[in-house]
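Okay, structure_39.pdb now, which holds PDB, C-alpha atoms:
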```
ATOM      1  CA  MET A   1    -111.996 -28.150 -44.216
ATOM      2  CA  ALA A   2    -114.757 -29.367 -46.494
ATOM      3  CA  GLU A   3    -115.879 -25.750 -46.682
ATOM      4  CA  VAL A   4    -112.656 -24.728 -48.344
ATOM      5  CA  MET A   5    -113.091 -27.336 -51.002
ATOM      6  CA  LEU A   6    -116.654 -26.426 -51.888
ATOM      7  CA  PRO A   7    -116.075 -23.527 -54.295
ATOM      8  CA  MET A   8    -113.807 -25.724 -56.362
ATOM      9  CA  LYS A   9    -116.406 -28.462 -56.486
ATOM     10  CA  MET A  10    -119.089 -26.010 -57.460
ATOM     11  CA  GLU A  11    -116.891 -24.813 -60.283
ATOM     12  CA  MET A  12    -116.415 -28.340 -61.472
ATOM     13  CA  ALA A  13    -120.071 -29.195 -61.284
ATOM     14  CA  ASN A  14    -121.143 -26.161 -63.286
ATOM     15  CA  ALA A  15    -118.165 -25.713 -65.567
ATOM     16  CA  PRO A  16    -119.099 -25.844 -69.236
ATOM     17  CA  SER A  17    -115.496 -26.798 -69.878
ATOM     18  CA  LYS A  18    -116.392 -30.279 -68.808
ATOM     19  CA  PHE A  19    -118.052 -30.587 -72.179
ATOM     20  CA  LYS A  20    -115.096 -29.511 -74.243
ATOM     21  CA  SER A  21    -114.071 -32.342 -76.511
ATOM     22  CA  PRO A  22    -114.324 -35.208 -76.278
ATOM     23  CA  ASP A  23    -117.210 -34.819 -73.812
ATOM     24  CA  LEU A  24    -119.300 -32.319 -75.759
ATOM     25  CA  LEU A  25    -122.924 -33.403 -76.062
ATOM     26  CA  HIS A  26    -123.114 -35.189 -79.407
ATOM     27  CA  VAL A  27    -126.423 -34.909 -81.206
ATOM     28  CA  LEU A  28    -127.487 -36.840 -84.287
ATOM     29  CA  ALA A  29    -130.105 -34.864 -86.226
ATOM     30  CA  VAL A  30    -132.261 -36.494 -88.893
ATOM     31  CA  ASP A  31    -134.379 -34.518 -91.363
ATOM     32  CA  ASP A  32    -135.103 -34.841 -95.069
ATOM     33  CA  SER A  33    -135.544 -31.073 -95.481
ATOM     34  CA  HIS A  34    -132.364 -29.252 -96.371
ATOM     35  CA  VAL A  35    -133.612 -26.015 -94.847
ATOM     36  CA  ASP A  36    -134.565 -27.742 -91.595
ATOM     37  CA  ARG A  37    -131.254 -29.578 -91.437
ATOM     38  CA  LYS A  38    -129.382 -26.312 -91.661
ATOM     39  CA  PHE A  39    -131.640 -24.763 -89.062
ATOM     40  CA  ILE A  40    -131.430 -27.550 -86.494
ATOM     41  CA  GLU A  41    -127.688 -27.818 -86.986
ATOM     42  CA  ARG A  42    -127.316 -24.140 -86.179
ATOM     43  CA  LEU A  43    -129.613 -24.357 -83.160
ATOM     44  CA  LEU A  44    -127.515 -27.190 -81.789
ATOM     45  CA  LYS A  45    -124.168 -25.544 -82.502
ATOM     46  CA  VAL A  46    -125.334 -22.341 -80.837
ATOM     47  CA  SER A  47    -126.263 -24.520 -77.863
ATOM     48  CA  SER A  48    -122.689 -25.853 -77.701
ATOM     49  CA  CYS A  49    -123.412 -29.297 -79.040
ATOM     50  CA  LYS A  50    -121.430 -31.388 -81.432
ATOM     51  CA  VAL A  51    -123.722 -32.155 -84.376
ATOM     52  CA  THR A  52    -123.989 -34.860 -86.988
ATOM     53  CA  VAL A  53    -126.762 -34.297 -89.531
ATOM     54  CA  VAL A  54    -128.190 -36.900 -91.897
ATOM     55  CA  ASP A  55    -130.958 -36.645 -94.454
ATOM     56  CA  SER A  56    -132.839 -39.864 -93.836
ATOM     57  CA  ALA A  57    -133.688 -42.480 -91.251
ATOM     58  CA  THR A  58    -131.795 -45.041 -93.323
ATOM     59  CA  ARG A  59    -128.653 -42.963 -93.156
ATOM     60  CA  ALA A  60    -129.154 -42.504 -89.442
ATOM     61  CA  LEU A  61    -129.259 -46.271 -88.995
ATOM     62  CA  GLN A  62    -126.154 -46.625 -91.136
ATOM     63  CA  TYR A  63    -124.360 -44.038 -89.038
ATOM     64  CA  LEU A  64    -125.317 -45.833 -85.849
ATOM     65  CA  GLY A  65    -124.321 -49.165 -87.300
ATOM     66  CA  LEU A  66    -127.838 -50.513 -86.943
ATOM     67  CA  ASP A  67    -128.353 -51.074 -90.622
ATOM     68  CA  VAL A  68    -127.612 -54.776 -91.079
ATOM     69  CA  ASN A  69    -126.884 -54.430 -94.763
ATOM     70  CA  GLU A  70    -124.062 -51.979 -94.311
ATOM     71  CA  LYS A  71    -120.832 -52.122 -92.425
ATOM     72  CA  PRO A  72    -121.050 -50.083 -89.241
ATOM     73  CA  VAL A  73    -119.331 -46.723 -89.458
ATOM     74  CA  GLY A  74    -116.853 -46.618 -86.600
ATOM     75  CA  VAL A  75    -119.401 -47.910 -84.130
ATOM     76  CA  LYS A  76    -116.833 -48.811 -81.539
ATOM     77  CA  ASP A  77    -116.051 -45.273 -80.438
ATOM     78  CA  LEU A  78    -119.405 -43.795 -81.356
ATOM     79  CA  LYS A  79    -120.970 -41.799 -78.584
ATOM     80  CA  VAL A  80    -124.313 -40.205 -79.327
ATOM     81  CA  ASN A  81    -126.015 -38.408 -76.453
ATOM     82  CA  LEU A  82    -129.207 -37.411 -78.217
ATOM     83  CA  ILE A  83    -131.055 -38.139 -81.437
ATOM     84  CA  MET A  84    -133.435 -35.581 -82.901
ATOM     85  CA  THR A  85    -135.532 -36.751 -85.782
ATOM     86  CA  ASP A  86    -138.215 -35.353 -88.022
ATOM     87  CA  TYR A  87    -141.400 -37.401 -88.026
ATOM     88  CA  SER A  88    -142.497 -37.210 -91.668
ATOM     89  CA  MET A  89    -139.771 -38.455 -93.925
ATOM     90  CA  PRO A  90    -139.982 -40.402 -97.172
ATOM     91  CA  GLY A  91    -139.104 -44.077 -96.861
ATOM     92  CA  MET A  92    -138.651 -44.711 -93.173
ATOM     93  CA  THR A  93    -140.455 -42.285 -90.882
ATOM     94  CA  GLY A  94    -139.055 -40.812 -87.689
ATOM     95  CA  TYR A  95    -141.448 -43.023 -85.768
ATOM     96  CA  GLU A  96    -140.030 -46.155 -87.389
ATOM     97  CA  LEU A  97    -136.525 -44.896 -86.690
ATOM     98  CA  LEU A  98    -137.481 -44.324 -83.055
ATOM     99  CA  LYS A  99    -138.691 -47.912 -82.819
ATOM    100  CA  LYS A 100    -135.505 -49.316 -84.332
ATOM    101  CA  ILE A 101    -133.367 -47.309 -81.932
ATOM    102  CA  LYS A 102    -135.377 -48.432 -78.928
ATOM    103  CA  GLU A 103    -135.137 -52.039 -80.110
ATOM    104  CA  SER A 104    -131.344 -51.872 -80.336
ATOM    105  CA  SER A 105    -129.213 -52.851 -77.392
ATOM    106  CA  ALA A 106    -126.533 -50.304 -78.229
ATOM    107  CA  PHE A 107    -128.717 -47.220 -78.431
ATOM    108  CA  ARG A 108    -131.967 -47.897 -76.604
ATOM    109  CA  ASP A 109    -130.888 -45.645 -73.752
ATOM    110  CA  VAL A 110    -130.113 -42.716 -75.995
ATOM    111  CA  PRO A 111    -132.888 -40.148 -75.700
ATOM    112  CA  VAL A 112    -134.795 -39.598 -78.935
ATOM    113  CA  VAL A 113    -136.689 -36.397 -79.628
ATOM    114  CA  VAL A 114    -139.231 -36.341 -82.433
ATOM    115  CA  MET A 115    -140.001 -33.153 -84.366
ATOM    116  CA  SER A 116    -143.043 -32.465 -86.494
ATOM    117  CA  SER A 117    -144.735 -29.545 -88.168
ATOM    118  CA  GLU A 118    -148.099 -31.140 -87.439
ATOM    119  CA  ASN A 119    -149.757 -31.044 -84.046
ATOM    120  CA  ILE A 120    -151.470 -34.438 -84.173
ATOM    121  CA  LEU A 121    -152.189 -35.794 -80.708
ATOM    122  CA  PRO A 122    -152.361 -39.513 -81.608
ATOM    123  CA  ARG A 123    -149.010 -39.112 -83.338
ATOM    124  CA  ILE A 124    -147.493 -37.465 -80.276
ATOM    125  CA  ASP A 125    -148.939 -40.150 -78.006
ATOM    126  CA  ARG A 126    -147.619 -42.913 -80.208
ATOM    127  CA  CYS A 127    -144.095 -41.479 -80.130
ATOM    128  CA  LEU A 128    -144.086 -40.955 -76.403
ATOM    129  CA  GLU A 129    -145.428 -44.466 -75.869
ATOM    130  CA  GLU A 130    -142.636 -45.817 -78.025
ATOM    131  CA  GLY A 131    -140.147 -44.129 -75.695
ATOM    132  CA  ALA A 132    -139.501 -40.741 -77.242
ATOM    133  CA  GLU A 133    -137.987 -38.324 -74.765
ATOM    134  CA  ASP A 134    -139.920 -35.396 -76.131
ATOM    135  CA  PHE A 135    -141.989 -34.255 -79.086
ATOM    136  CA  LEU A 136    -141.280 -30.831 -80.526
ATOM    137  CA  LEU A 137    -143.478 -28.824 -82.845
ATOM    138  CA  LYS A 138    -141.684 -27.208 -85.735
ATOM    139  CA  PRO A 139    -140.303 -24.704 -86.110
ATOM    140  CA  VAL A 140    -138.118 -25.792 -83.231
ATOM    141  CA  LYS A 141    -137.192 -22.992 -80.863
ATOM    142  CA  LEU A 142    -133.766 -22.329 -79.412
ATOM    143  CA  SER A 143    -135.404 -22.527 -75.982
ATOM    144  CA  ASP A 144    -136.580 -26.085 -76.779
ATOM    145  CA  VAL A 145    -133.057 -27.152 -77.640
ATOM    146  CA  ARG A 146    -131.573 -25.475 -74.588
ATOM    147  CA  ARG A 147    -134.147 -27.050 -72.308
ATOM    148  CA  ILE A 148    -133.401 -30.523 -73.637
ATOM    149  CA  ARG A 149    -129.664 -29.949 -73.544
ATOM    150  CA  ASP A 150    -129.824 -28.706 -69.946
ATOM    151  CA  SER A 151    -131.770 -31.712 -68.732
ATOM    152  CA  LEU A 152    -129.353 -34.046 -70.530
ATOM    153  CA  MET A 153    -126.367 -32.261 -69.084
ATOM    154  CA  LYS A 154    -127.850 -32.533 -65.620
ATOM    155  CA  ALA A 155    -128.186 -36.262 -66.105
ATOM    156  CA  GLU A 156    -124.616 -36.487 -67.391
ATOM    157  CA  ASP A 157    -123.498 -34.152 -64.623
ATOM    158  CA  LEU A 158    -124.987 -36.373 -61.959
ATOM    159  CA  SER A 159    -123.093 -39.374 -63.215
ATOM    160  CA  PHE A 160    -119.966 -37.247 -63.529
ATOM    161  CA  THR A 161    -120.446 -35.958 -59.997
ATOM    162  CA  LYS A 162    -120.924 -39.480 -58.735
ATOM    163  CA  SER A 163    -117.633 -40.552 -60.290
ATOM    164  CA  VAL A 164    -115.905 -37.491 -58.851
ATOM    165  CA  ASN A 165    -117.275 -38.377 -55.421
ATOM    166  CA  LYS A 166    -115.976 -41.880 -55.755
ATOM    167  CA  ARG A 167    -112.490 -40.677 -56.633
ATOM    168  CA  GLU A 168    -112.454 -38.187 -53.775
ATOM    169  CA  LEU A 169    -113.620 -40.727 -51.300
ATOM    170  CA  GLU A 170    -110.879 -43.034 -52.407
ATOM    171  CA  THR A 171    -108.110 -40.456 -52.216
ATOM    172  CA  GLU A 172    -109.239 -38.148 -49.447
ATOM    173  CA  ASN A 173    -111.008 -40.006 -46.753
ATOM    174  CA  VAL A 174    -109.577 -37.740 -44.068
ATOM    175  CA  TYR A 175    -112.492 -35.367 -43.682
ATOM    176  CA  SER A 176    -115.377 -37.349 -42.534
ATOM    177  CA  LEU A 177    -116.229 -40.659 -41.082
ATOM    178  CA  ASP A 178    -119.572 -40.590 -42.763
ATOM    179  CA  SER A 179    -119.025 -41.411 -46.415
ATOM    180  CA  THR A 180    -122.282 -39.792 -47.445
ATOM    181  CA  VAL A 181    -121.349 -36.331 -46.175
ATOM    182  CA  PRO A 182    -119.304 -35.141 -49.201
ATOM    183  CA  SER A 183    -122.099 -35.968 -51.639
ATOM    184  CA  GLN A 184    -124.609 -34.168 -49.443
ATOM    185  CA  GLN A 185    -122.442 -31.100 -49.419
ATOM    186  CA  LEU A 186    -122.168 -31.211 -53.174
ATOM    187  CA  LYS A 187    -125.929 -31.424 -53.531
ATOM    188  CA  ARG A 188    -126.268 -28.337 -51.367
ATOM    189  CA  THR A 189    -124.007 -26.260 -53.539
ATOM    190  CA  LYS A 190    -125.397 -27.357 -56.879
ATOM    191  CA  ILE A 191    -127.856 -24.937 -58.419
TER     192      ILE A 191
ATOM    193  CA  MET B 192    -127.759   2.951 -95.307
ATOM    194  CA  GLN B 193    -128.401   0.941 -92.190
ATOM    195  CA  ARG B 194    -131.591   2.825 -91.565
ATOM    196  CA  GLN B 195    -132.708   1.898 -95.070
ATOM    197  CA  VAL B 196    -132.028  -1.761 -94.332
ATOM    198  CA  ALA B 197    -133.985  -1.539 -91.107
ATOM    199  CA  LEU B 198    -136.903   0.086 -92.908
ATOM    200  CA  ILE B 199    -136.997  -2.586 -95.597
ATOM    201  CA  LYS B 200    -136.959  -5.288 -92.979
ATOM    202  CA  GLN B 201    -139.716  -3.597 -91.000
ATOM    203  CA  SER B 202    -141.913  -3.314 -94.081
ATOM    204  CA  LEU B 203    -141.437  -7.019 -94.841
ATOM    205  CA  PHE B 204    -142.830  -7.754 -91.399
ATOM    206  CA  ASP B 205    -145.541  -5.132 -91.517
ATOM    207  CA  GLN B 206    -146.805  -6.340 -94.866
ATOM    208  CA  GLY B 207    -146.870  -9.906 -93.614
ATOM    209  CA  TYR B 208    -144.218 -11.353 -95.888
ATOM    210  CA  LEU B 209    -142.181 -12.496 -92.916
ATOM    211  CA  ASP B 210    -143.072 -13.605 -89.411
ATOM    212  CA  GLU B 211    -141.221 -14.023 -86.080
ATOM    213  CA  GLN B 212    -139.466 -17.146 -87.315
ATOM    214  CA  PHE B 213    -137.293 -14.934 -89.518
ATOM    215  CA  MET B 214    -136.254 -13.049 -86.407
ATOM    216  CA  GLU B 215    -135.445 -16.329 -84.675
ATOM    217  CA  LEU B 216    -133.095 -17.070 -87.566
ATOM    218  CA  GLU B 217    -131.428 -13.693 -87.226
ATOM    219  CA  GLU B 218    -130.897 -14.366 -83.533
ATOM    220  CA  LEU B 219    -128.727 -17.304 -84.547
ATOM    221  CA  GLN B 220    -126.271 -15.147 -86.459
ATOM    222  CA  ASP B 221    -123.019 -14.072 -84.907
ATOM    223  CA  ASP B 222    -119.609 -12.821 -85.918
ATOM    224  CA  ALA B 223    -118.509 -16.295 -86.915
ATOM    225  CA  ASN B 224    -121.683 -16.904 -88.930
ATOM    226  CA  PRO B 225    -122.784 -13.491 -90.183
ATOM    227  CA  ASN B 226    -124.583 -14.783 -93.284
ATOM    228  CA  PHE B 227    -126.573 -17.575 -91.750
ATOM    229  CA  VAL B 228    -129.984 -16.189 -92.654
ATOM    230  CA  GLU B 229    -128.978 -15.500 -96.218
ATOM    231  CA  GLU B 230    -127.607 -19.027 -96.494
ATOM    232  CA  VAL B 231    -130.854 -20.486 -95.232
ATOM    233  CA  ALA B 232    -132.800 -18.281 -97.634
ATOM    234  CA  THR B 233    -130.641 -19.441-100.534
ATOM    235  CA  LEU B 234    -131.331 -23.057 -99.611
ATOM    236  CA  TYR B 235    -135.004 -22.313 -99.284
ATOM    237  CA  PHE B 236    -135.322 -20.755-102.712
ATOM    238  CA  LYS B 237    -133.351 -23.556-104.307
ATOM    239  CA  ASP B 238    -135.580 -26.119-102.631
ATOM    240  CA  SER B 239    -138.812 -24.311-103.343
ATOM    241  CA  ALA B 240    -137.918 -23.755-107.004
ATOM    242  CA  ARG B 241    -137.582 -27.518-107.334
ATOM    243  CA  LEU B 242    -140.897 -28.101-105.591
ATOM    244  CA  ILE B 243    -142.672 -25.530-107.748
ATOM    245  CA  ASN B 244    -141.280 -27.281-110.797
ATOM    246  CA  ASN B 245    -142.494 -30.674-109.584
ATOM    247  CA  ILE B 246    -145.942 -29.327-108.804
ATOM    248  CA  GLU B 247    -146.118 -27.566-112.163
ATOM    249  CA  GLN B 248    -145.303 -30.791-113.974
ATOM    250  CA  ALA B 249    -147.803 -32.733-111.907
ATOM    251  CA  LEU B 250    -150.513 -30.181-112.683
ATOM    252  CA  GLU B 251    -149.694 -30.030-116.376
ATOM    253  CA  ARG B 252    -150.194 -33.737-116.681
ATOM    254  CA  GLY B 253    -153.855 -33.034-116.111
ATOM    255  CA  SER B 254    -154.544 -35.999-113.871
ATOM    256  CA  PHE B 255    -154.706 -34.617-110.383
ATOM    257  CA  ASP B 256    -152.850 -36.869-108.003
ATOM    258  CA  PHE B 257    -153.993 -35.027-104.913
ATOM    259  CA  ASN B 258    -151.933 -37.214-102.621
ATOM    260  CA  ARG B 259    -148.747 -36.453-104.449
ATOM    261  CA  LEU B 260    -149.573 -32.760-104.672
ATOM    262  CA  ASP B 261    -150.377 -32.653-100.971
ATOM    263  CA  ASN B 262    -147.051 -34.309-100.291
ATOM    264  CA  TYR B 263    -145.123 -31.690-102.254
ATOM    265  CA  MET B 264    -147.047 -28.951-100.546
ATOM    266  CA  HIS B 265    -146.343 -30.429 -97.115
ATOM    267  CA  GLN B 266    -142.639 -30.085 -97.858
ATOM    268  CA  PHE B 267    -143.123 -26.617 -99.239
ATOM    269  CA  LYS B 268    -145.104 -25.511 -96.238
ATOM    270  CA  GLY B 269    -142.501 -26.994 -93.911
ATOM    271  CA  SER B 270    -139.569 -25.090 -95.299
ATOM    272  CA  SER B 271    -141.623 -21.917 -95.679
ATOM    273  CA  THR B 272    -142.484 -22.163 -92.001
ATOM    274  CA  SER B 273    -138.857 -22.687 -91.053
ATOM    275  CA  ILE B 274    -137.765 -19.517 -92.780
ATOM    276  CA  GLY B 275    -140.743 -17.425 -91.691
ATOM    277  CA  ALA B 276    -142.238 -16.962 -95.156
ATOM    278  CA  SER B 277    -145.667 -16.100 -93.876
ATOM    279  CA  LYS B 278    -147.664 -15.368 -97.036
ATOM    280  CA  VAL B 279    -146.213 -18.333 -98.888
ATOM    281  CA  LYS B 280    -147.080 -20.529 -95.926
ATOM    282  CA  THR B 281    -150.688 -19.345 -96.044
ATOM    283  CA  GLU B 282    -150.970 -20.232 -99.731
ATOM    284  CA  CYS B 283    -149.515 -23.664 -99.021
ATOM    285  CA  THR B 284    -152.144 -24.277 -96.362
ATOM    286  CA  MET B 285    -154.905 -23.260 -98.723
ATOM    287  CA  PHE B 286    -153.557 -25.439-101.499
ATOM    288  CA  ARG B 287    -153.514 -28.429 -99.166
ATOM    289  CA  GLU B 288    -157.115 -27.809 -98.188
ATOM    290  CA  TYR B 289    -158.112 -27.832-101.854
ATOM    291  CA  CYS B 290    -156.160 -31.066-102.299
ATOM    292  CA  ARG B 291    -158.044 -32.676 -99.459
ATOM    293  CA  ALA B 292    -161.312 -31.466-100.913
ATOM    294  CA  GLY B 293    -160.271 -32.807-104.306
ATOM    295  CA  ASN B 294    -160.809 -29.361-105.766
ATOM    296  CA  ALA B 295    -158.632 -29.112-108.877
ATOM    297  CA  GLU B 296    -159.804 -25.621-109.772
ATOM    298  CA  GLY B 297    -158.962 -24.358-106.314
ATOM    299  CA  CYS B 298    -155.530 -25.964-106.499
ATOM    300  CA  LEU B 299    -154.703 -24.270-109.776
ATOM    301  CA  ARG B 300    -155.878 -20.889-108.572
ATOM    302  CA  THR B 301    -153.994 -21.111-105.294
ATOM    303  CA  PHE B 302    -150.865 -22.334-107.010
ATOM    304  CA  LYS B 303    -150.873 -19.253-109.218
ATOM    305  CA  GLN B 304    -151.120 -17.044-106.164
ATOM    306  CA  LEU B 305    -148.454 -19.046-104.371
ATOM    307  CA  LYS B 306    -145.990 -18.589-107.210
ATOM    308  CA  LYS B 307    -146.668 -14.886-107.174
ATOM    309  CA  GLU B 308    -146.052 -14.570-103.429
ATOM    310  CA  HIS B 309    -142.973 -16.705-103.694
ATOM    311  CA  ALA B 310    -141.500 -14.575-106.489
ATOM    312  CA  THR B 311    -142.258 -11.369-104.607
ATOM    313  CA  LEU B 312    -140.625 -12.639-101.449
ATOM    314  CA  ARG B 313    -137.586 -13.776-103.363
ATOM    315  CA  LYS B 314    -137.127 -10.361-104.933
ATOM    316  CA  LYS B 315    -137.627  -8.514-101.679
ATOM    317  CA  LEU B 316    -135.259 -10.739 -99.750
ATOM    318  CA  GLU B 317    -132.588 -10.503-102.418
ATOM    319  CA  GLN B 318    -132.848  -6.743-102.170
ATOM    320  CA  TYR B 319    -132.741  -6.882 -98.391
ATOM    321  CA  PHE B 320    -129.691  -9.126 -98.203
ATOM    322  CA  GLN B 321    -127.828  -7.123-100.797
ATOM    323  CA  LEU B 322    -128.401  -3.901 -98.895
ATOM    324  CA  ALA B 323    -127.623  -5.545 -95.566
ATOM    325  CA  ARG B 324    -124.294  -6.740 -96.903
ATOM    326  CA  GLN B 325    -123.458  -3.288 -98.163
ATOM    327  CA  ALA B 326    -124.515  -1.668 -94.919
ATOM    328  CA  GLY B 327    -122.185  -3.886 -92.921
ATOM    329  CA  PRO B 328    -122.669  -6.354 -90.091
ATOM    330  CA  LYS B 329    -124.202  -3.902 -87.604
ATOM    331  CA  GLU B 330    -127.684  -4.247 -88.999
ATOM    332  CA  ILE B 331    -127.867  -7.982 -88.573
ATOM    333  CA  ALA B 332    -129.412  -8.984 -85.259
ATOM    334  CA  ARG B 333    -126.953 -10.517 -82.895
ATOM    335  CA  ARG B 334    -127.518 -13.446 -80.645
ATOM    336  CA  PRO B 335    -127.488 -12.176 -77.028
ATOM    337  CA  LYS B 336    -124.602 -13.675 -75.075
TER     338      LYS B 336
END
```

Written form, structure tokens:
Amino acid sequence: MAEVMLPMKMEMANAPSKFKSPDLLHVLAVDDSHVDRKFIERLLKVSSCKVTVVDSATRALQYLGLDVNEKPVGVKDLKVNLIMTDYSMPGMTGYELLKKIKESSAFRDVPVVVMSSENILPRIDRCLEEGAEDFLLKPVKLSDVRRIRDSLMKAEDLSFTKSVNKRELETENVYSLDSTVPSQQLKRTKI
Amino acid sequence: MQRQVALIKQSLFDQGYLDEQFMELEELQDDANPNFVEEVATLYFKDSARLINNIEQALERGSFDFNRLDNYMHQFKGSSTSIGASKVKTECTMFREYCRAGNAEGCLRTFKQLKKEHATLRKKLEQYFQLARQAGPKEIARRPK
């Protein structure tokens, strides 16, 4: 009987439709270069992400409601799945922005990717030590974005799958006595 | 017409004006966004014109603030890289090296060359985009599904 259900589960686990609004991956991109902003925005849109682009770290903090001087902009319902920031920016750098995000209780778990045109190892190390998810060399490739998106979606997918499992166990506990069996079967069918 | 467009594009690559990054940009175009590359190019030339102006003013002042110049050039190099403007990028790199060496003469010389390359690229790209628009959407590289 579980066998009959599997194809449907597989569809659910891999369906991109899961990310149709409001669950589309929402990325906040930060870059002071107009050209780079347009480029990264396009890369993200092509990768089926919802994008918000800002031109400075200060504006990013304002958007996230982390700037104490400004009123938060709709922080309550704000869901950001990923932040991608340029390293070298006038005023506050991407590194400083990374630190502020990791210091905040609201957004410290949001993965932050730092981008830079300069391949400076100490800089990369510093960012990774501060908790950056990844460090990309500019120009950013579509494959970079897809790779990051895929790993994020897997993480989201796992938590989604877990919640699906929970619901199914609650409503359909006819199939097995062993509560771990359904999740095992799901794992088997996932690519 | 389309063959002409293809030939112009090929020559831009062969002569080193553009590199693979330009092709990456074209890959991002689709039916819904058929002018993406041209839009990026327009932004680039607007941005770079401003930077050239700033650098010109800084150089005219006579006192060489190498830090400031290097800063401008870092921005210039960044956007040139993002659009695949290969020759311009090379001049930016050279300019920055002269900045770091504190070589004013070298900076001036390189800046002259940079402006020349920049103007040439602008003309060639304007020509390319104009022809591409006339030729129709077929010539623009499509993003594989």

(request) Return the single residue from A:Ser47, A:Ser151, A:Asn81, A:Ser56 that is closest to chain B, with distances computed using only C-alpha atoms. (result) A:Ser47

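Using all atoms listed in the file, the smallest distance between any of A:Leu61, A:Ile148, A:Val35, A:Leu82 and Phe236 (chain B) comes from A:Val35.
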
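CA of Glu133 (chain A) is positioned 9.1 Å from CA of Val110 (chain A).
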
Pull the closest atom pair for each residue of chain B that gets at most 9 Å from chain A, along with the distance in Å to one decimal, counting all atoms listed in the file, ordering rows by chain and then ascending residue number, as JSON lines.
```
{"residue": "B:Gln212", "atom": "CA", "partner": "A:Pro139", "partner_atom": "CA", "distance": 7.7}
{"residue": "B:Glu215", "atom": "CA", "partner": "A:Lys141", "partner_atom": "CA", "distance": 7.9}
{"residue": "B:Leu216", "atom": "CA", "partner": "A:Phe39", "partner_atom": "CA", "distance": 8.0}
{"residue": "B:Leu219", "atom": "CA", "partner": "A:Val46", "partner_atom": "CA", "distance": 7.1}
{"residue": "B:Phe227", "atom": "CA", "partner": "A:Arg42", "partner_atom": "CA", "distance": 8.6}
{"residue": "B:Glu230", "atom": "CA", "partner": "A:Lys38", "partner_atom": "CA", "distance": 8.9}
{"residue": "B:Val231", "atom": "CA", "partner": "A:Val35", "partner_atom": "CA", "distance": 6.2}
{"residue": "B:Ala232", "atom": "CA", "partner": "A:Val35", "partner_atom": "CA", "distance": 8.3}
{"residue": "B:Leu234", "atom": "CA", "partner": "A:Val35", "partner_atom": "CA", "distance": 6.1}
{"residue": "B:Tyr235", "atom": "CA", "partner": "A:Val35", "partner_atom": "CA", "distance": 5.9}
{"residue": "B:Asp238", "atom": "CA", "partner": "A:His34", "partner_atom": "CA", "distance": 7.7}
{"residue": "B:Gln266", "atom": "CA", "partner": "A:Ser33", "partner_atom": "CA", "distance": 7.5}
{"residue": "B:Gly269", "atom": "CA", "partner": "A:Ser117", "partner_atom": "CA", "distance": 6.7}
{"residue": "B:Ser270", "atom": "CA", "partner": "A:Val35", "partner_atom": "CA", "distance": 6.0}
{"residue": "B:Thr272", "atom": "CA", "partner": "A:Pro139", "partner_atom": "CA", "distance": 6.8}
{"residue": "B:Ser273", "atom": "CA", "partner": "A:Pro139", "partner_atom": "CA", "distance": 5.5}
{"residue": "B:Ile274", "atom": "CA", "partner": "A:Val35", "partner_atom": "CA", "distance": 8.0}
```

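One finds CA of Lys237 (chain B) at 19.7 Å from CA of Thr281 (chain B).
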
(message) Could you list, as number ranges by chain, every residue matched by the PyMOL selection byres ((chain B and resi 200) around 12) in this structure?
(response) B: 193-199, 201-211, 213-214, 217, 312, 315-320, 322-323, 330-332

Would you output that residue set with C-alpha atoms, as a PDB file, in the coordinates of the input?
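Heads up, here's the output in result_27.pdb:
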```
ATOM      1  CA  GLN B 193    -128.401   0.941 -92.190  1.00  0.00           C
ATOM      2  CA  ARG B 194    -131.591   2.825 -91.565  1.00  0.00           C
ATOM      3  CA  GLN B 195    -132.708   1.898 -95.070  1.00  0.00           C
ATOM      4  CA  VAL B 196    -132.028  -1.761 -94.332  1.00  0.00           C
ATOM      5  CA  ALA B 197    -133.985  -1.539 -91.107  1.00  0.00           C
ATOM      6  CA  LEU B 198    -136.903   0.086 -92.908  1.00  0.00           C
ATOM      7  CA  ILE B 199    -136.997  -2.586 -95.597  1.00  0.00           C
ATOM      8  CA  GLN B 201    -139.716  -3.597 -91.000  1.00  0.00           C
ATOM      9  CA  SER B 202    -141.913  -3.314 -94.081  1.00  0.00           C
ATOM     10  CA  LEU B 203    -141.437  -7.019 -94.841  1.00  0.00           C
ATOM     11  CA  PHE B 204    -142.830  -7.754 -91.399  1.00  0.00           C
ATOM     12  CA  ASP B 205    -145.541  -5.132 -91.517  1.00  0.00           C
ATOM     13  CA  GLN B 206    -146.805  -6.340 -94.866  1.00  0.00           C
ATOM     14  CA  GLY B 207    -146.870  -9.906 -93.614  1.00  0.00           C
ATOM     15  CA  TYR B 208    -144.218 -11.353 -95.888  1.00  0.00           C
ATOM     16  CA  LEU B 209    -142.181 -12.496 -92.916  1.00  0.00           C
ATOM     17  CA  ASP B 210    -143.072 -13.605 -89.411  1.00  0.00           C
ATOM     18  CA  GLU B 211    -141.221 -14.023 -86.080  1.00  0.00           C
ATOM     19  CA  PHE B 213    -137.293 -14.934 -89.518  1.00  0.00           C
ATOM     20  CA  MET B 214    -136.254 -13.049 -86.407  1.00  0.00           C
ATOM     21  CA  GLU B 217    -131.428 -13.693 -87.226  1.00  0.00           C
ATOM     22  CA  LEU B 312    -140.625 -12.639-101.449  1.00  0.00           C
ATOM     23  CA  LYS B 315    -137.627  -8.514-101.679  1.00  0.00           C
ATOM     24  CA  LEU B 316    -135.259 -10.739 -99.750  1.00  0.00           C
ATOM     25  CA  GLU B 317    -132.588 -10.503-102.418  1.00  0.00           C
ATOM     26  CA  GLN B 318    -132.848  -6.743-102.170  1.00  0.00           C
ATOM     27  CA  TYR B 319    -132.741  -6.882 -98.391  1.00  0.00           C
ATOM     28  CA  PHE B 320    -129.691  -9.126 -98.203  1.00  0.00           C
ATOM     29  CA  LEU B 322    -128.401  -3.901 -98.895  1.00  0.00           C
ATOM     30  CA  ALA B 323    -127.623  -5.545 -95.566  1.00  0.00           C
ATOM     31  CA  GLU B 330    -127.684  -4.247 -88.999  1.00  0.00           C
ATOM     32  CA  ILE B 331    -127.867  -7.982 -88.573  1.00  0.00           C
ATOM     33  CA  ALA B 332    -129.412  -8.984 -85.259  1.00  0.00           C
TER      34      ALA B 332
END
```
